[in-house]
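Colleague: Next up, data_4.cif (mmCIF, C-alpha atoms).
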```cif
data_input
loop_
_atom_site.label_atom_id
_atom_site.label_comp_id
_atom_site.auth_asym_id
_atom_site.auth_seq_id
_atom_site.Cartn_x
_atom_site.Cartn_y
_atom_site.Cartn_z
CA MET B 1 -29.09 167.05 85.73
CA ALA B 2 -28.83 163.43 86.76
CA GLN B 3 -31.91 161.65 87.89
CA GLU B 4 -32.87 162.11 91.51
CA LYS B 5 -31.80 159.45 93.95
CA GLY B 6 -33.24 158.37 97.25
CA ILE B 7 -32.52 160.38 100.36
CA GLY B 8 -30.18 157.77 101.82
CA GLU B 9 -28.13 157.42 98.66
CA SER B 10 -27.59 161.15 98.27
CA TRP B 11 -26.62 161.46 101.95
CA GLU B 12 -24.05 158.69 101.53
CA GLU B 13 -22.63 160.49 98.51
CA ILE B 14 -22.28 163.71 100.50
CA VAL B 15 -20.52 161.96 103.38
CA LYS B 16 -18.12 160.21 100.99
CA ALA B 17 -17.38 163.46 99.15
CA TYR B 18 -16.66 165.31 102.42
CA ALA B 19 -14.41 162.47 103.62
CA LYS B 20 -12.52 162.58 100.32
CA ALA B 21 -12.10 166.35 100.66
CA GLU B 22 -10.73 165.93 104.19
CA ARG B 23 -8.22 163.33 102.94
CA GLU B 24 -7.15 165.57 100.05
CA LEU B 25 -6.62 168.52 102.38
CA GLY B 26 -4.74 166.38 104.91
CA ILE B 27 -7.11 167.29 107.72
CA LYS B 28 -6.83 165.22 110.89
CA VAL B 29 -9.92 166.06 112.91
CA TYR B 30 -9.37 165.80 116.66
CA CYS B 31 -11.80 166.67 119.40
CA VAL B 32 -11.44 168.02 122.88
CA LEU B 33 -14.09 166.63 125.20
CA CYS B 34 -14.31 168.09 128.69
CA ILE B 35 -16.47 166.67 131.45
CA CYS B 36 -17.36 169.58 133.70
CA LYS B 37 -19.50 170.49 136.65
CA LYS B 38 -20.79 173.80 137.92
CA VAL B 39 -19.60 174.94 141.33
CA ASN B 40 -20.99 178.28 142.49
CA GLY B 41 -21.81 179.20 138.90
CA LYS B 42 -18.27 178.49 137.65
CA LYS B 43 -17.15 175.70 135.34
CA VAL B 44 -14.80 173.13 136.89
CA VAL B 45 -13.19 170.64 134.48
CA LEU B 46 -13.20 167.13 135.94
CA HIS B 47 -11.76 165.23 132.95
CA ARG B 48 -10.38 166.31 129.60
CA TYR B 49 -9.96 164.05 126.58
CA ASP B 50 -8.05 165.04 123.43
CA LEU B 51 -8.54 162.34 120.82
CA PRO B 52 -9.27 161.71 117.13
CA ARG B 53 -12.89 161.99 116.01
CA GLU B 54 -12.99 158.33 114.95
CA ILE B 55 -11.87 157.16 118.39
CA LEU B 56 -14.53 159.32 120.03
CA GLN B 57 -17.22 157.71 117.89
CA ARG B 58 -16.01 154.19 118.68
CA ARG B 59 -15.31 154.71 122.39
CA ARG B 60 -18.31 156.80 123.32
CA TRP B 61 -19.21 154.24 125.98
CA VAL B 62 -16.12 155.23 128.00
CA ILE B 63 -17.29 158.83 128.21
CA ASN B 64 -20.84 157.75 129.07
CA TRP B 65 -19.47 155.48 131.81
CA ARG B 66 -17.30 158.31 133.21
CA MET B 67 -20.30 160.68 133.20
CA ALA B 68 -22.44 158.09 135.01
CA LYS B 69 -19.72 157.47 137.60
CA LEU B 70 -19.30 161.18 138.28
CA THR B 71 -23.07 161.64 138.51
CA CYS B 72 -23.28 158.79 141.03
CA THR B 73 -20.44 160.17 143.17
CA ASP B 74 -21.94 163.66 143.23
CA PRO B 75 -25.67 163.38 142.39
CA ARG B 76 -26.52 167.01 143.18
CA ALA B 77 -23.89 168.50 140.89
CA HIS B 78 -24.78 169.54 137.37
CA ILE B 79 -22.34 167.42 135.33
CA TYR B 80 -22.15 168.08 131.61
CA GLU B 81 -19.77 167.71 128.69
CA THR B 82 -18.38 170.17 126.17
CA LEU B 83 -17.08 169.13 122.79
CA SER B 84 -14.98 171.07 120.31
CA PHE B 85 -13.24 169.97 117.12
CA TYR B 86 -9.95 171.13 115.61
CA ASP B 87 -7.44 170.12 112.95
CA LYS B 88 -4.36 168.54 114.49
CA THR B 89 -1.99 169.58 111.68
CA SER B 90 -2.92 173.26 111.44
CA GLY B 91 -4.46 173.89 114.85
CA GLU B 92 -7.50 175.55 113.25
CA THR B 93 -10.94 175.02 114.72
CA TYR B 94 -13.22 172.68 112.81
CA GLY B 95 -16.65 173.82 113.96
CA PHE B 96 -19.65 175.28 112.24
CA ASN B 97 -18.83 178.22 110.02
CA SER B 98 -15.05 177.85 110.43
CA ASP B 99 -12.72 178.39 107.47
CA LEU B 100 -11.63 174.77 107.49
CA SER B 101 -15.15 173.33 107.49
CA ARG B 102 -16.19 175.73 104.73
CA LEU B 103 -13.23 174.65 102.61
CA THR B 104 -14.01 170.97 103.19
CA ALA B 105 -17.67 171.53 102.29
CA LEU B 106 -16.73 173.42 99.13
CA LYS B 107 -14.36 170.68 97.99
CA GLY B 108 -17.02 168.08 98.79
CA ARG B 109 -19.61 169.92 96.70
CA ILE B 110 -17.13 170.10 93.80
CA THR B 111 -16.61 166.34 94.00
CA LEU B 112 -20.37 165.77 94.03
CA GLN B 113 -20.86 168.03 91.02
CA GLU B 114 -18.08 166.26 89.09
CA ASN B 115 -19.75 162.92 89.80
CA ARG B 116 -23.10 164.27 88.63
CA ILE B 117 -21.51 165.55 85.41
CA LYS B 118 -20.05 162.09 84.75
CA ASP B 119 -23.45 160.48 85.40
CA TYR B 120 -25.17 162.99 83.09
CA ILE B 121 -22.70 162.32 80.28
CA GLU B 122 -23.05 158.55 80.72
CA ALA B 123 -26.86 158.82 80.69
CA ASN B 124 -26.81 160.79 77.41
CA LYS B 125 -24.10 158.81 75.58
CA GLY B 126 -26.64 156.97 73.44
CA ASN B 127 -28.47 160.15 72.43
CA LEU B 128 -27.62 161.15 68.84
CA PHE B 129 -28.40 164.81 69.49
CA PHE B 130 -26.25 165.08 72.60
CA ASP B 131 -23.13 167.21 72.16
CA GLU B 132 -20.95 167.38 75.24
CA THR B 133 -19.31 170.67 74.24
CA ASN B 134 -22.53 172.55 73.34
CA ASP B 135 -25.04 171.18 75.85
CA PRO B 136 -26.38 174.31 77.63
CA GLN B 137 -26.83 172.63 81.01
CA LEU B 138 -23.36 171.11 80.89
CA VAL B 139 -21.70 174.36 79.83
CA LYS B 140 -23.44 176.27 82.64
CA VAL B 141 -22.48 173.70 85.28
CA ARG B 142 -18.87 173.57 84.09
CA ARG B 143 -18.60 177.36 84.33
CA LYS B 144 -19.89 177.23 87.90
CA LEU B 145 -17.48 174.40 88.64
CA GLU B 146 -14.52 176.44 87.41
CA ARG B 147 -15.56 179.36 89.62
CA ALA B 148 -15.86 176.99 92.57
CA ARG B 149 -12.38 175.57 91.89
CA LYS B 150 -11.00 179.11 91.85
CA ASN B 151 -12.73 179.80 95.17
CA VAL B 152 -11.18 176.63 96.62
CA ALA B 153 -7.71 177.71 95.52
CA ASP B 154 -8.26 181.15 97.10
CA ALA B 155 -9.57 179.60 100.33
CA GLU B 156 -6.60 177.21 100.52
CA ALA B 157 -4.21 180.14 100.08
CA ARG B 158 -5.99 182.13 102.81
CA LEU B 159 -5.87 179.16 105.16
CA ARG B 160 -2.17 178.60 104.45
CA THR B 161 -1.33 182.23 105.24
CA LYS B 162 -3.48 182.09 108.38
CA VAL B 163 -1.64 178.98 109.60
CA GLU B 164 1.76 180.50 108.75
CA GLN B 165 0.86 183.65 110.70
CA LYS B 166 -0.25 181.54 113.64
CA ILE B 167 3.02 179.57 113.57
CA ALA B 168 5.09 182.77 113.25
CA GLY B 169 3.19 184.31 116.17
CA LYS B 170 4.18 181.46 118.51
#
```
Would you put the structure from the file into structure tokens?

Modeller:
Amino acid sequence: MAQEKGIGESWEEIVKAYAKAERELGIKVYCVLCICKKVNGKKVVLHRYDLPREILQRRRWVINWRMAKLTCTDPRAHIYETLSFYDKTSGETYGFNSDLSRLTALKGRITLQENRIKDYIEANKGNLFFDETNDPQLVKVRRKLERARKNVADAEARLRTKVEQKIAGK
């Protein structure tokens, strides 16, 4: 539909759309980072951090320093880190192929498509033969967009019931 953009520009758009979707859904992504070592084939947790994703990205040097210190104190041990993400408000995991990440991705794709529709309409405003209501590409994309919005509503409802069941189970 809209003219192709450079790789960097489209990647920035995707990141912004996903961030907007996370804000709309009220997702607070936290991560659990464990620094572990293997002792007789078993995992022993040396340190455990539970912090927001943004803090992890800014304070990565602290974790690297801690790993280096532990490696220096016990050079023969296999020291490694594990990282897992979750939503602080719902308690749902936020990893690959999780319900929450799928919902965020779907909302992000909807935002991207809406922006592309706006760009397409703006690009064809000066065209005398352009009719917004009868343009075949626009009609097809809007139908797909409505289906995607319905899927988002269904996914949000499923996630809500899943969280309510989890809360009721505690």

Colleague: Please expand the PyMOL selection byres ((chain B and resi 56-58) around 12) into the concrete residues it hits in this file, giving the result as a ChimeraX atom specification.

Modeller: /B:29-33,49-55,59-64,83-85

Colleague: May I have a table of the residues of range 54-155 of chain B lying at most 8 Å from range 161-166 of chain B, giving each one's closest pair of atoms and their distance in Å to one decimal, counting all atoms listed in the file, ordered by chain and ascending residue number, as JSON lines?

Modeller:
```
{"residue": "B:Ser90", "atom": "CA", "partner": "B:Val163", "partner_atom": "CA", "distance": 6.1}
{"residue": "B:Gly91", "atom": "CA", "partner": "B:Val163", "partner_atom": "CA", "distance": 7.8}
{"residue": "B:Glu92", "atom": "CA", "partner": "B:Val163", "partner_atom": "CA", "distance": 7.7}
```

Colleague: Expand the PyMOL selection byres ((chain B and resi 20-25) around 9) into the individual residues it matches in the shown file, reporting them as a list in words.

Modeller: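 In the shown coordinates, the PyMOL selection byres ((chain B and resi 20-25) around 9) covers Val15, Lys16, Ala17, Tyr18, Ala19, Gly26, Ile27, Lys28, Val29, Leu103, Thr104, Ala105, Leu106, Lys107, Gly108, Thr111 and Glu156 of chain B.
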
Colleague: Around all listed atoms of range 65-68 of chain B, padded 3 Å per side, what centre and edge lengths does the axis-aligned box have in Å to one decimal, as JSON?

Modeller:
```
{"center_x": -19.9, "center_y": 158.1, "center_z": 133.4, "size_x": 11.1, "size_y": 11.2, "size_z": 9.2}
```

Colleague: Given the PyMOL selection byres ((chain B and resi 142) around 12) and the file above, list the residues it selects as a list in words.

Modeller: Ile110, Gln113, Glu114, Arg116, Ile117, Lys118, Glu132, Thr133, Asn134, Asp135, Pro136, Gln137, Leu138, Val139, Lys140, Val141, Arg143, Lys144, Leu145, Glu146, Arg147, Ala148 and Arg149 of chain B

Colleague: Just checking: using only C-alpha atoms, which residue out of B:Leu128, B:Leu100, B:Tyr120, B:Lys38 ends up closest to Ala157 in chain B?

Modeller: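 Ranking B:Leu128, B:Leu100, B:Tyr120, B:Lys38 by distance to Ala157 in chain B, first place goes to B:Leu100.
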
Colleague: Distance CA of Glu122 in chain B-CA of Glu12 in chain B, one decimal place?

Modeller: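 The value is 20.8 Å.
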
Colleague: Please indicate the distance in Å from CA of Thr71 in chain B to CA of Leu46 in chain B, rounded to one decimal place.

Modeller: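 Result for CA of Thr71 in chain B versus CA of Leu46 in chain B: 11.6 Å, one decimal.
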
Colleague: Write out as a PDB file with C-alpha atoms, keeping the file's coordinate frame which residues come within 10 Å of Thr82 in chain B when counting all atoms listed in the file, dropping same-chain ones fewer than 6 positions away.

Modeller:
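Final output, saved to result32.pdb:
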```
ATOM      1  CA  VAL B  32     -11.440 168.020 122.880  1.00  0.00           C
ATOM      2  CA  LEU B  33     -14.090 166.630 125.200  1.00  0.00           C
ATOM      3  CA  CYS B  34     -14.310 168.090 128.690  1.00  0.00           C
ATOM      4  CA  ILE B  35     -16.470 166.670 131.450  1.00  0.00           C
ATOM      5  CA  CYS B  36     -17.360 169.580 133.700  1.00  0.00           C
ATOM      6  CA  VAL B  45     -13.190 170.640 134.480  1.00  0.00           C
ATOM      7  CA  ARG B  48     -10.380 166.310 129.600  1.00  0.00           C
TER       8      ARG B  48
END
```
